[in-house]
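Peer 1: Below is the file final_14.cif, with mmCIF, C-alpha atoms.
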data_query
#
loop_
_atom_site.group_PDB
_atom_site.id
_atom_site.type_symbol
_atom_site.label_atom_id
_atom_site.label_comp_id
_atom_site.auth_asym_id
_atom_site.auth_seq_id
_atom_site.Cartn_x
_atom_site.Cartn_y
_atom_site.Cartn_z
ATOM 1 C CA MET A 1 0.000 0.000 0.000
ATOM 2 C CA THR A 2 1.501 3.334 -0.980
ATOM 3 C CA ARG A 3 1.248 6.579 0.941
ATOM 4 C CA GLY A 4 -1.224 7.811 -1.674
ATOM 5 C CA ASP A 5 -3.419 4.783 -1.030
ATOM 6 C CA ARG A 6 -3.526 5.481 2.682
ATOM 7 C CA ILE A 7 -4.358 9.150 2.191
ATOM 8 C CA LEU A 8 -7.042 8.271 -0.351
ATOM 9 C CA ILE A 9 -8.662 5.609 1.831
ATOM 10 C CA THR A 10 -8.514 7.861 4.895
ATOM 11 C CA ILE A 11 -10.184 10.729 3.052
ATOM 12 C CA LEU A 12 -12.938 8.472 1.682
ATOM 13 C CA ALA A 13 -13.512 6.931 5.114
ATOM 14 C CA LEU A 14 -13.724 10.400 6.673
ATOM 15 C CA VAL A 15 -16.282 11.490 4.094
ATOM 16 C CA ALA A 16 -18.345 8.395 4.880
ATOM 17 C CA LEU A 17 -17.975 9.012 8.624
ATOM 18 C CA ILE A 18 -19.233 12.556 8.171
ATOM 19 C CA LEU A 19 -22.253 11.115 6.378
ATOM 20 C CA VAL A 20 -23.072 8.826 9.333
ATOM 21 C CA PRO A 21 -24.482 11.500 11.665
ATOM 22 C CA VAL A 22 -26.081 13.212 8.684
ATOM 23 C CA VAL A 23 -28.223 10.206 7.832
ATOM 24 C CA ALA A 24 -28.645 9.136 11.442
ATOM 25 C CA LEU A 25 -29.987 12.532 12.532
ATOM 26 C CA ALA A 26 -33.258 11.050 13.541
ATOM 27 C CA GLN A 27 -32.778 7.986 15.683
ATOM 28 C CA ALA A 28 -35.798 8.648 17.870
ATOM 29 C CA GLY A 29 -38.298 5.834 18.219
ATOM 30 C CA GLY A 30 -40.764 5.776 15.353
ATOM 31 C CA ASP A 31 -44.510 5.693 15.756
ATOM 32 C CA HIS A 32 -45.809 4.693 12.364
ATOM 33 C CA VAL A 33 -44.837 2.464 9.497
ATOM 34 C CA VAL A 34 -44.898 3.716 5.934
ATOM 35 C CA ILE A 35 -44.952 1.196 3.098
ATOM 36 C CA GLU A 36 -44.211 2.614 -0.327
ATOM 37 C CA GLY A 37 -44.584 0.498 -3.416
ATOM 38 C CA PRO A 38 -45.080 0.901 -7.142
ATOM 39 C CA TYR A 39 -48.833 0.937 -6.580
ATOM 40 C CA GLY A 40 -49.011 3.505 -3.843
ATOM 41 C CA ARG A 41 -48.215 4.271 -0.270
ATOM 42 C CA SER A 42 -49.831 3.272 2.989
ATOM 43 C CA SER A 43 -49.243 4.009 6.637
ATOM 44 C CA TYR A 44 -49.857 1.926 9.795
ATOM 45 C CA ALA A 45 -49.414 2.432 13.523
ATOM 46 C CA ILE A 46 -46.337 0.582 14.757
ATOM 47 C CA ASP A 47 -47.980 -0.565 18.009
ATOM 48 C CA GLU A 48 -50.786 -2.513 16.363
ATOM 49 C CA ASP A 49 -49.620 -5.983 15.367
ATOM 50 C CA ARG A 50 -50.577 -7.001 11.873
ATOM 51 C CA VAL A 51 -49.312 -8.449 8.602
ATOM 52 C CA VAL A 52 -49.585 -6.241 5.533
ATOM 53 C CA GLU A 53 -49.319 -7.613 2.011
ATOM 54 C CA VAL A 54 -48.224 -5.193 -0.692
ATOM 55 C CA GLN A 55 -48.241 -5.741 -4.433
ATOM 56 C CA GLY A 56 -44.717 -5.116 -5.718
ATOM 57 C CA ARG A 57 -43.268 -5.079 -9.200
ATOM 58 C CA SER A 58 -42.482 -8.782 -9.269
ATOM 59 C CA GLY A 59 -44.860 -10.148 -6.642
ATOM 60 C CA ILE A 60 -46.293 -9.824 -3.175
ATOM 61 C CA VAL A 61 -44.259 -8.439 -0.278
ATOM 62 C CA SER A 62 -45.466 -9.413 3.205
ATOM 63 C CA VAL A 63 -44.600 -6.997 5.995
ATOM 64 C CA GLU A 64 -45.084 -7.998 9.617
ATOM 65 C CA ILE A 65 -45.611 -5.388 12.319
ATOM 66 C CA ALA A 66 -45.204 -7.046 15.717
ATOM 67 C CA GLU A 67 -44.229 -5.845 19.167
ATOM 68 C CA GLY A 68 -43.276 -2.403 17.919
ATOM 69 C CA SER A 69 -40.913 -3.542 15.202
ATOM 70 C CA VAL A 70 -41.254 -4.230 11.524
ATOM 71 C CA ARG A 71 -39.778 -6.824 9.223
ATOM 72 C CA VAL A 72 -40.392 -8.325 5.816
ATOM 73 C CA ILE A 73 -41.489 -11.934 6.250
ATOM 74 C CA GLY A 74 -42.088 -12.833 2.643
ATOM 75 C CA SER A 75 -41.298 -11.504 -0.794
ATOM 76 C CA ASP A 76 -41.373 -12.810 -4.343
ATOM 77 C CA CYS A 77 -37.950 -11.612 -5.333
ATOM 78 C CA PRO A 78 -34.828 -13.450 -6.509
ATOM 79 C CA ASP A 79 -32.429 -12.664 -3.672
ATOM 80 C CA GLY A 80 -34.585 -12.057 -0.604
ATOM 81 C CA VAL A 81 -32.330 -9.291 0.708
ATOM 82 C CA CYS A 82 -35.386 -7.642 2.294
ATOM 83 C CA MET A 83 -36.235 -10.797 4.232
ATOM 84 C CA SER A 84 -32.732 -11.099 5.643
ATOM 85 C CA SER A 85 -32.674 -7.418 6.706
ATOM 86 C CA SER A 86 -32.912 -6.990 10.461
ATOM 87 C CA PRO A 87 -36.215 -5.731 11.917
ATOM 88 C CA ILE A 88 -36.598 -1.948 12.162
ATOM 89 C CA ASP A 89 -38.196 -0.032 15.002
ATOM 90 C CA ARG A 90 -36.679 3.450 14.975
ATOM 91 C CA ASP A 91 -37.525 6.622 13.147
ATOM 92 C CA GLY A 92 -35.773 6.486 9.812
ATOM 93 C CA GLY A 93 -35.273 2.722 9.787
ATOM 94 C CA VAL A 94 -35.738 1.337 6.292
ATOM 95 C CA ILE A 95 -36.069 -2.073 4.705
ATOM 96 C CA ALA A 96 -36.018 -2.052 0.941
ATOM 97 C CA CYS A 97 -36.984 -4.698 -1.583
ATOM 98 C CA VAL A 98 -35.377 -3.285 -4.685
ATOM 99 C CA PRO A 99 -36.671 -5.858 -7.237
ATOM 100 C CA ASN A 100 -40.213 -5.217 -6.046
ATOM 101 C CA GLY A 101 -39.764 -1.446 -5.764
ATOM 102 C CA VAL A 102 -41.093 -1.565 -2.214
ATOM 103 C CA THR A 103 -39.653 0.309 0.765
ATOM 104 C CA VAL A 104 -40.826 -0.142 4.333
ATOM 105 C CA SER A 105 -39.858 2.656 6.683
ATOM 106 C CA VAL A 106 -40.523 3.668 10.240
ATOM 107 C CA ARG A 107 -41.355 7.333 10.746
ATOM 108 C CA GLY A 108 -41.386 9.458 13.853
ATOM 109 C CA ASP A 109 -43.828 12.061 14.994
ATOM 110 C CA ARG A 110 -42.074 14.999 13.443
ATOM 111 C CA ALA A 111 -43.586 16.562 10.360
ATOM 112 C CA ARG A 112 -40.480 15.624 8.435
ATOM 113 C CA GLU A 113 -40.289 13.252 5.519
ATOM 114 C CA GLY A 114 -37.731 10.953 7.124
ATOM 115 C CA VAL A 115 -34.477 10.804 5.202
ATOM 116 C CA ASP A 116 -35.898 12.823 2.307
ATOM 117 C CA ALA A 117 -34.808 15.953 4.081
ATOM 118 C CA ILE A 118 -31.168 14.902 4.064
ATOM 119 C CA SER A 119 -30.702 13.930 0.465
ATOM 120 C CA ARG A 120 -32.208 17.039 -1.093
ATOM 121 C CA MET B 1 -10.464 -6.684 -27.301
ATOM 122 C CA ARG B 2 -11.904 -4.879 -30.254
ATOM 123 C CA SER B 3 -8.450 -4.270 -31.604
ATOM 124 C CA ALA B 4 -7.673 -7.967 -31.338
ATOM 125 C CA ASP B 5 -10.822 -8.798 -33.322
ATOM 126 C CA SER B 6 -10.164 -6.319 -36.072
ATOM 127 C CA ALA B 7 -6.571 -7.441 -36.194
ATOM 128 C CA ALA B 8 -7.727 -11.001 -36.711
ATOM 129 C CA ILE B 9 -9.520 -10.140 -39.957
ATOM 130 C CA SER B 10 -6.543 -8.376 -41.386
ATOM 131 C CA PRO B 11 -3.581 -10.754 -41.626
ATOM 132 C CA ALA B 12 -1.257 -7.838 -42.235
ATOM 133 C CA THR B 13 -1.397 -6.768 -38.579
ATOM 134 C CA THR B 14 -0.203 -8.860 -35.670
ATOM 135 C CA VAL B 15 -2.838 -10.277 -33.383
ATOM 136 C CA ASP B 16 -2.144 -9.403 -29.796
ATOM 137 C CA VAL B 17 -2.837 -12.931 -28.628
ATOM 138 C CA HIS B 18 -1.461 -12.295 -25.186
ATOM 139 C CA ARG B 19 -3.860 -9.461 -24.566
ATOM 140 C CA MET B 20 -6.836 -11.297 -26.070
ATOM 141 C CA VAL B 21 -6.274 -14.473 -24.074
ATOM 142 C CA THR B 22 -5.536 -12.624 -20.848
ATOM 143 C CA CYS B 23 -8.665 -10.469 -21.128
ATOM 144 C CA GLY B 24 -10.756 -13.536 -21.900
ATOM 145 C CA SER B 25 -9.343 -15.369 -18.903
ATOM 146 C CA LEU B 26 -9.902 -12.345 -16.693
ATOM 147 C CA ILE B 27 -13.544 -12.075 -17.777
ATOM 148 C CA ALA B 28 -13.939 -15.776 -16.988
ATOM 149 C CA LEU B 29 -12.269 -15.256 -13.613
ATOM 150 C CA GLY B 30 -14.503 -12.279 -12.883
ATOM 151 C CA VAL B 31 -17.630 -14.224 -13.830
ATOM 152 C CA VAL B 32 -16.723 -17.151 -11.592
ATOM 153 C CA LEU B 33 -15.864 -14.870 -8.669
ATOM 154 C CA GLY B 34 -19.074 -12.912 -9.259
ATOM 155 C CA LEU B 35 -21.139 -16.107 -9.248
ATOM 156 C CA VAL B 36 -19.390 -17.386 -6.117
ATOM 157 C CA GLU B 37 -20.292 -14.093 -4.531
ATOM 158 C CA THR B 38 -23.985 -14.454 -5.355
ATOM 159 C CA TRP B 39 -23.902 -17.630 -3.246
ATOM 160 C CA LEU B 40 -22.131 -15.833 -0.407
ATOM 161 C CA VAL B 41 -24.830 -13.153 -0.312
ATOM 162 C CA ALA B 42 -27.310 -15.702 1.005
ATOM 163 C CA TRP B 43 -25.176 -16.211 4.113
ATOM 164 C CA THR B 44 -24.098 -12.676 4.973
ATOM 165 C CA PRO B 45 -25.829 -11.113 7.973
ATOM 166 C CA MET B 46 -25.743 -7.678 6.330
ATOM 167 C CA PRO B 47 -27.090 -7.878 2.798
ATOM 168 C CA TRP B 48 -25.969 -4.341 1.963
ATOM 169 C CA ILE B 49 -22.343 -5.314 2.306
ATOM 170 C CA ARG B 50 -20.696 -7.354 -0.407
ATOM 171 C CA LEU B 51 -17.159 -8.538 -0.809
ATOM 172 C CA GLY B 52 -16.785 -7.386 -4.406
ATOM 173 C CA LEU B 53 -14.548 -10.254 -5.466
ATOM 174 C CA GLY B 54 -15.489 -9.860 -9.117
ATOM 175 C CA ASN B 55 -13.704 -6.532 -9.157
ATOM 176 C CA VAL B 56 -10.382 -8.356 -8.819
ATOM 177 C CA ALA B 57 -10.529 -9.202 -12.526
ATOM 178 C CA ALA B 58 -11.009 -5.585 -13.560
ATOM 179 C CA VAL B 59 -8.219 -4.412 -11.246
ATOM 180 C CA VAL B 60 -5.838 -6.971 -12.734
ATOM 181 C CA ALA B 61 -6.827 -5.977 -16.283
ATOM 182 C CA LEU B 62 -6.213 -2.342 -15.409
ATOM 183 C CA ALA B 63 -2.803 -3.104 -13.959
ATOM 184 C CA VAL B 64 -1.656 -5.409 -16.758
ATOM 185 C CA PHE B 65 -3.098 -3.509 -19.722
ATOM 186 C CA GLY B 66 -5.010 -0.306 -19.106
ATOM 187 C CA PRO B 67 -8.356 1.449 -18.864
ATOM 188 C CA ARG B 68 -9.824 0.089 -22.116
ATOM 189 C CA GLU B 69 -9.212 -3.550 -21.230
ATOM 190 C CA ALA B 70 -10.367 -2.955 -17.650
ATOM 191 C CA LEU B 71 -13.629 -1.514 -18.979
ATOM 192 C CA SER B 72 -14.231 -4.495 -21.282
ATOM 193 C CA VAL B 73 -13.473 -6.957 -18.501
ATOM 194 C CA ALA B 74 -15.780 -5.174 -16.047
ATOM 195 C CA VAL B 75 -18.671 -4.755 -18.484
ATOM 196 C CA GLY B 76 -18.234 -8.258 -19.917
ATOM 197 C CA ARG B 77 -18.283 -9.703 -16.430
ATOM 198 C CA VAL B 78 -21.441 -7.876 -15.387
ATOM 199 C CA LEU B 79 -23.214 -8.866 -18.618
ATOM 200 C CA LEU B 80 -22.271 -12.545 -18.261
ATOM 201 C CA VAL B 81 -23.141 -12.725 -14.562
ATOM 202 C CA GLY B 82 -26.434 -10.994 -15.408
ATOM 203 C CA ILE B 83 -27.196 -13.605 -18.059
ATOM 204 C CA ALA B 84 -26.163 -16.466 -15.778
ATOM 205 C CA THR B 85 -28.265 -15.316 -12.833
ATOM 206 C CA GLY B 86 -31.161 -14.006 -14.932
ATOM 207 C CA THR B 87 -30.896 -10.533 -13.445
ATOM 208 C CA LEU B 88 -29.524 -8.782 -16.522
ATOM 209 C CA ALA B 89 -32.723 -6.874 -17.320
ATOM 210 C CA ALA B 90 -33.867 -6.766 -13.691
ATOM 211 C CA PRO B 91 -33.194 -3.855 -11.341
ATOM 212 C CA ALA B 92 -30.391 -5.884 -9.754
ATOM 213 C CA GLY B 93 -28.617 -5.968 -13.119
ATOM 214 C CA LEU B 94 -28.976 -2.220 -13.509
ATOM 215 C CA LEU B 95 -27.485 -1.766 -10.050
ATOM 216 C CA SER B 96 -24.516 -3.996 -10.843
ATOM 217 C CA MET B 97 -23.856 -2.260 -14.141
ATOM 218 C CA THR B 98 -24.039 1.241 -12.659
ATOM 219 C CA GLY B 99 -21.755 0.171 -9.819
ATOM 220 C CA ALA B 100 -19.260 -1.409 -12.215
ATOM 221 C CA LEU B 101 -19.149 1.678 -14.438
ATOM 222 C CA PHE B 102 -18.651 4.021 -11.470
ATOM 223 C CA SER B 103 -15.950 1.755 -10.115
ATOM 224 C CA ILE B 104 -14.119 1.511 -13.430
ATOM 225 C CA ALA B 105 -14.281 5.275 -13.968
ATOM 226 C CA VAL B 106 -12.707 5.961 -10.572
ATOM 227 C CA MET B 107 -10.094 3.206 -10.862
ATOM 228 C CA CYS B 108 -9.052 4.316 -14.351
ATOM 229 C CA GLY B 109 -8.753 7.872 -13.080
ATOM 230 C CA LEU B 110 -6.467 6.724 -10.263
ATOM 231 C CA SER B 111 -4.421 4.542 -12.599
ATOM 232 C CA LEU B 112 -3.652 7.621 -14.698
ATOM 233 C CA CYS B 113 -2.026 9.234 -11.642
ATOM 234 C CA GLY B 114 1.028 7.061 -12.163
ATOM 235 C CA ASP B 115 2.735 5.493 -9.172
ATOM 236 C CA ARG B 116 0.943 7.522 -6.547
ATOM 237 C CA PHE B 117 -1.662 4.810 -5.962
ATOM 238 C CA SER B 118 -1.209 1.039 -5.966
ATOM 239 C CA VAL B 119 -3.761 -1.601 -6.939
ATOM 240 C CA ILE B 120 -4.954 -1.560 -3.331
ATOM 241 C CA GLY B 121 -5.852 2.115 -3.542
ATOM 242 C CA TRP B 122 -7.585 1.532 -6.889
ATOM 243 C CA SER B 123 -9.502 -1.379 -5.480
ATOM 244 C CA ALA B 124 -10.626 0.409 -2.300
ATOM 245 C CA ALA B 125 -11.678 3.588 -4.098
ATOM 246 C CA GLY B 126 -13.277 1.504 -6.861
ATOM 247 C CA ALA B 127 -15.257 -0.463 -4.288
ATOM 248 C CA ALA B 128 -16.468 2.753 -2.645
ATOM 249 C CA ALA B 129 -17.433 4.146 -6.071
ATOM 250 C CA HIS B 130 -19.233 0.892 -6.871
ATOM 251 C CA THR B 131 -21.257 1.242 -3.686
ATOM 252 C CA ALA B 132 -22.049 4.895 -4.347
ATOM 253 C CA GLY B 133 -23.102 4.088 -7.923
ATOM 254 C CA GLN B 134 -25.318 1.256 -6.770
ATOM 255 C CA PHE B 135 -27.026 3.459 -4.231
ATOM 256 C CA LEU B 136 -27.661 6.145 -6.835
ATOM 257 C CA ALA B 137 -29.133 3.506 -9.155
ATOM 258 C CA ALA B 138 -31.235 2.166 -6.286
ATOM 259 C CA VAL B 139 -32.545 5.659 -5.603
ATOM 260 C CA ALA B 140 -33.446 5.982 -9.292
ATOM 261 C CA VAL B 141 -35.075 2.532 -9.448
ATOM 262 C CA MET B 142 -37.081 3.059 -6.276
ATOM 263 C CA ALA B 143 -37.797 6.733 -6.946
ATOM 264 C CA SER B 144 -37.153 7.230 -3.256
ATOM 265 C CA PRO B 145 -34.021 8.376 -1.443
ATOM 266 C CA ALA B 146 -34.908 6.254 1.585
ATOM 267 C CA VAL B 147 -32.175 3.673 0.890
ATOM 268 C CA LEU B 148 -29.448 6.332 1.226
ATOM 269 C CA ARG B 149 -29.583 5.663 4.963
ATOM 270 C CA PHE B 150 -27.333 2.638 4.423
ATOM 271 C CA LEU B 151 -24.813 4.536 2.304
ATOM 272 C CA PRO B 152 -22.178 5.604 4.886
ATOM 273 C CA LEU B 153 -21.879 2.195 6.503
ATOM 274 C CA SER B 154 -21.742 0.496 3.122
ATOM 275 C CA ILE B 155 -19.014 2.845 1.902
ATOM 276 C CA ILE B 156 -16.884 2.256 4.996
ATOM 277 C CA ALA B 157 -17.329 -1.495 4.645
ATOM 278 C CA SER B 158 -16.546 -1.359 0.936
ATOM 279 C CA LEU B 159 -13.313 0.543 1.610
ATOM 280 C CA ALA B 160 -12.174 -2.190 3.983
ATOM 281 C CA LEU B 161 -13.292 -4.987 1.675
ATOM 282 C CA GLY B 162 -11.751 -3.130 -1.267
ATOM 283 C CA VAL B 163 -8.382 -3.300 0.492
ATOM 284 C CA VAL B 164 -8.896 -7.050 0.885
ATOM 285 C CA THR B 165 -9.802 -7.590 -2.778
ATOM 286 C CA GLY B 166 -6.941 -5.259 -3.722
ATOM 287 C CA GLN B 167 -4.568 -7.562 -1.845
ATOM 288 C CA VAL B 168 -6.033 -10.495 -3.765
ATOM 289 C CA ALA B 169 -5.392 -8.638 -7.035
ATOM 290 C CA ARG B 170 -1.872 -7.785 -5.935
ATOM 291 C CA MET B 171 -1.152 -11.401 -5.054
ATOM 292 C CA LEU B 172 -2.461 -12.523 -8.430
ATOM 293 C CA LEU B 173 -0.300 -9.956 -10.185
ATOM 294 C CA SER B 174 2.869 -10.820 -8.327
ATOM 295 C CA HIS B 175 2.428 -14.587 -8.027
ATOM 296 C CA VAL B 176 0.942 -15.579 -11.364
ATOM 297 C CA PRO B 177 3.936 -15.454 -13.701
ATOM 298 C CA TYR B 178 1.687 -15.159 -16.722
ATOM 299 C CA LEU B 179 0.203 -11.921 -15.399
ATOM 300 C CA ALA B 180 3.408 -10.682 -13.837
ATOM 301 C CA GLY B 181 4.993 -11.209 -17.238
ATOM 302 C CA GLY B 182 2.062 -9.305 -18.731
ATOM 303 C CA GLY B 183 4.132 -6.241 -18.122
ATOM 304 C CA ARG B 184 6.109 -6.770 -21.299
ATOM 305 C CA ALA B 185 8.520 -4.047 -22.303
ATOM 306 C CA ARG B 186 5.859 -1.487 -23.073
ATOM 307 C CA TYR B 187 3.940 -2.186 -19.920
ATOM 308 C CA GLY B 188 7.109 -2.181 -17.867
ATOM 309 C CA ALA B 189 5.964 0.602 -15.580
ATOM 310 C CA THR B 190 3.087 -1.561 -14.423
ATOM 311 C CA ASN B 191 5.328 -3.913 -12.510
ATOM 312 C CA ASP B 192 6.846 -1.173 -10.397
ATOM 313 C CA ARG B 193 3.397 0.009 -9.496
ATOM 314 C CA VAL B 194 2.177 -3.443 -8.643
ATOM 315 C CA CYS B 195 5.129 -4.474 -6.544
ATOM 316 C CA GLU B 196 5.724 -1.029 -5.057
#
Could the structure of this file be written out as structure tokens, please?

Peer 2:
Amino acid sequence: MTRGDRILITILALVALILVPVVALAQAGGDHVVIEGPYGRSSYAIDEDRVVEVQGRSGIVSVEIAEGSVRVIGSDCPDGVCMSSSPIDRDGGVIACVPNGVTVSVRGDRAREGVDAISR
Amino acid sequence: MRSADSAAISPATTVDVHRMVTCGSLIALGVVLGLVETWLVAWTPMPWIRLGLGNVAAVVALAVFGPREALSVAVGRVLLVGIATGTLAAPAGLLSMTGALFSIAVMCGLSLCGDRFSVIGWSAAGAAAHTAGQFLAAVAVMASPAVLRFLPLSIIASLALGVVTGQVARMLLSHVPYLAGGGRARYGATNDRVCE
């Protein structure tokens, strides 16, 4: 590894580290679950246990809300990345099923559109 | 690769067999590593973090030949893995292709800086660029910036894993005589860079 390599990697790591607090601004507990898919958007209270099935681009995505946390329990997609994502329970937590075009996110009370505010 | 093809039709010019065969082998290597990685994904606890083994082939092509060959190896690899896994036209294929193009652009840029950066630097920065490109493609595919939340962690992980895959590339370059010898007279500078 040359000196240039080390400087380059350090700079890139620092940039990423600066991004951490930026995207993690809102780590307060969330109070509702927003499911966005290609066919619309719906919102549920996080403290009411239920299973929601959403039509995605390549099939059905099943989202389970239980004991204040949310996870994807089933999805018709080739790799199942969404199903292996850990459950989310905090404001700003996101599980995405890219092949289906479905995102599941937990939102807090604030009148802020979650991470939208950061990226724009 | 294109030059090798056009050279083949015209007997007057010499076919650069070495380059053609090496690029072909590197694409094959990249495809196999890429496929192995699709199996690994099923076992990783954090699906947003990937090893990026397939990039080794592009790094080696960049070190032995140059940007053009690295681009053909990277694009060829993504196309073949896409065909093999059936994700070529799917969003996952778009993500891989965007990531590969970002990665190649950054690595080629670094390779033009001469000896300042080694293959490890290329690989780490390329991995970070791959991640950034994938996230941008994911934002476009999902029409929602929500996934950007994972970006910082993924970039940090990709830098570390990029160093690992860079070491793999470096070992290939210094231990496989065929590749090490790839720095024939006109690629002589490559060896210094690779072996520091």

Peer 1: Counting only C-alpha atoms, which of A:Arg41, A:Gly56, A:Arg3, A:Ala16 gets nearest to Ser158 of chain B?

Peer 2: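 Ranking A:Arg41, A:Gly56, A:Arg3, A:Ala16 by distance to Ser158 of chain B, first place goes to A:Ala16.
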
Peer 1: Could you name the residues that touch Gln55 of chain A at 10 Å or less, counting all atoms listed in the file, but leaving out those on the same chain fewer than 6 positions away, as a ChimeraX atom specification?

Peer 2: /A:37-40,61-62,75-76,100-102

Peer 1: By how many Å are atom CA of Ile27 of chain B and atom CA of Ala100 of chain B apart?

Peer 2: 13.3 Å

Peer 1: Using 6 Å as the limit and counting all atoms listed in the file, can you tabulate each residue of chain B that touches chain A, with its shortest atom-to-atom distance in Å and the two atoms involved, as a Markdown table?

Peer 2:
| residue | atom | partner | partner_atom | distance |
| --- | --- | --- | --- | --- |
| B:Pro47 | CA | A:Val81 | CA | 5.8 |
| B:Pro91 | CA | A:Pro99 | CA | 5.7 |
| B:Arg116 | CA | A:Gly4 | CA | 5.3 |
| B:Phe117 | CA | A:Asp5 | CA | 5.2 |
| B:Gly121 | CA | A:Asp5 | CA | 4.4 |
| B:Met142 | CA | A:Gly101 | CA | 5.3 |
| B:Ala146 | CA | A:Val115 | CA | 5.8 |
| B:Arg149 | CA | A:Val23 | CA | 5.5 |
| B:Pro152 | CA | A:Ala16 | CA | 4.7 |
| B:Ile156 | CA | A:Ala13 | CA | 5.8 |

Peer 1: Report the residues retrieved by the PyMOL selection byres ((chain B and resi 157) around 10) from the displayed file, expressed as a list of chain:residue names.

Peer 2: A:Ala13, A:Ala16, B:Trp48, B:Ile49, B:Arg50, B:Leu51, B:Ala124, B:Ala127, B:Ala128, B:Thr131, B:Leu151, B:Pro152, B:Leu153, B:Ser154, B:Ile155, B:Ile156, B:Ser158, B:Leu159, B:Ala160, B:Leu161, B:Gly162

Peer 1: Please, what distance in Å, to one decimal, runs between atom CA of Leu62 of chain B and atom CA of Ala138 of chain B?

Peer 2: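 Distance between the two atoms: 27.0 Å.
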
Peer 1: Can you list what the PyMOL selection byres ((chain A and resi 64) around 12) grabs from this structure, as a PyMOL selection string?

Peer 2: chain A and resi 33+35+44-54+61-63+65-75+83+87-89+95+104

Peer 1: For a test of reading the model, state the distance in Å between atom CA of His130 of chain B and atom CA of Ser103 of chain B, rounded to one decimal.

Peer 2: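 These two atoms are separated by 4.7 Å.
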
Peer 1: Carefully work through the PyMOL selection byres ((chain B and resi 37) around 8) for this structure and note down the residues it includes, as a compact mmCIF listing (two decimals) with C-alpha atoms, keeping the file's coordinate frame.

Peer 2:
# COMPACT_ATOMS: atom_id res chain seq x y z
CA LEU B 33 -15.86 -14.87 -8.67
CA GLY B 34 -19.07 -12.91 -9.26
CA LEU B 35 -21.14 -16.11 -9.25
CA VAL B 36 -19.39 -17.39 -6.12
CA THR B 38 -23.98 -14.45 -5.36
CA TRP B 39 -23.90 -17.63 -3.25
CA LEU B 40 -22.13 -15.83 -0.41
CA VAL B 41 -24.83 -13.15 -0.31
CA ARG B 50 -20.70 -7.35 -0.41
CA LEU B 51 -17.16 -8.54 -0.81
CA GLY B 52 -16.78 -7.39 -4.41
CA LEU B 53 -14.55 -10.25 -5.47
CA GLY B 54 -15.49 -9.86 -9.12

Peer 1: Check the smallest atom-to-atom distance from each of B:Leu26, B:Val56, B:Leu88, B:Ala129 to Ile104 of chain B using all atoms listed in the file, then report the winner.

Peer 2: B:Ala129

Peer 1: Within 10 Å of (-14.0, 2.2, -11.3), in the coordinates the file gives, what residues turn up when you count all atoms listed in the file, written out as an MDAnalysis selection string?

Peer 2: chainID B and resid 55 58:59 62 67 70:71 74 99:111 122:130 133

Peer 1: If we count only C-alpha atoms, what is near Thr22 of chain B at a cut-off of 10 Å, once residues fewer than 6 positions away on the same chain are taken out, given as a list in words?

Peer 2: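 Once the nearby chain positions are removed, what remains is Ala28, Val60, Ala61, Val64, Phe65, Glu69, Tyr178, Leu179 and Gly182 of chain B.
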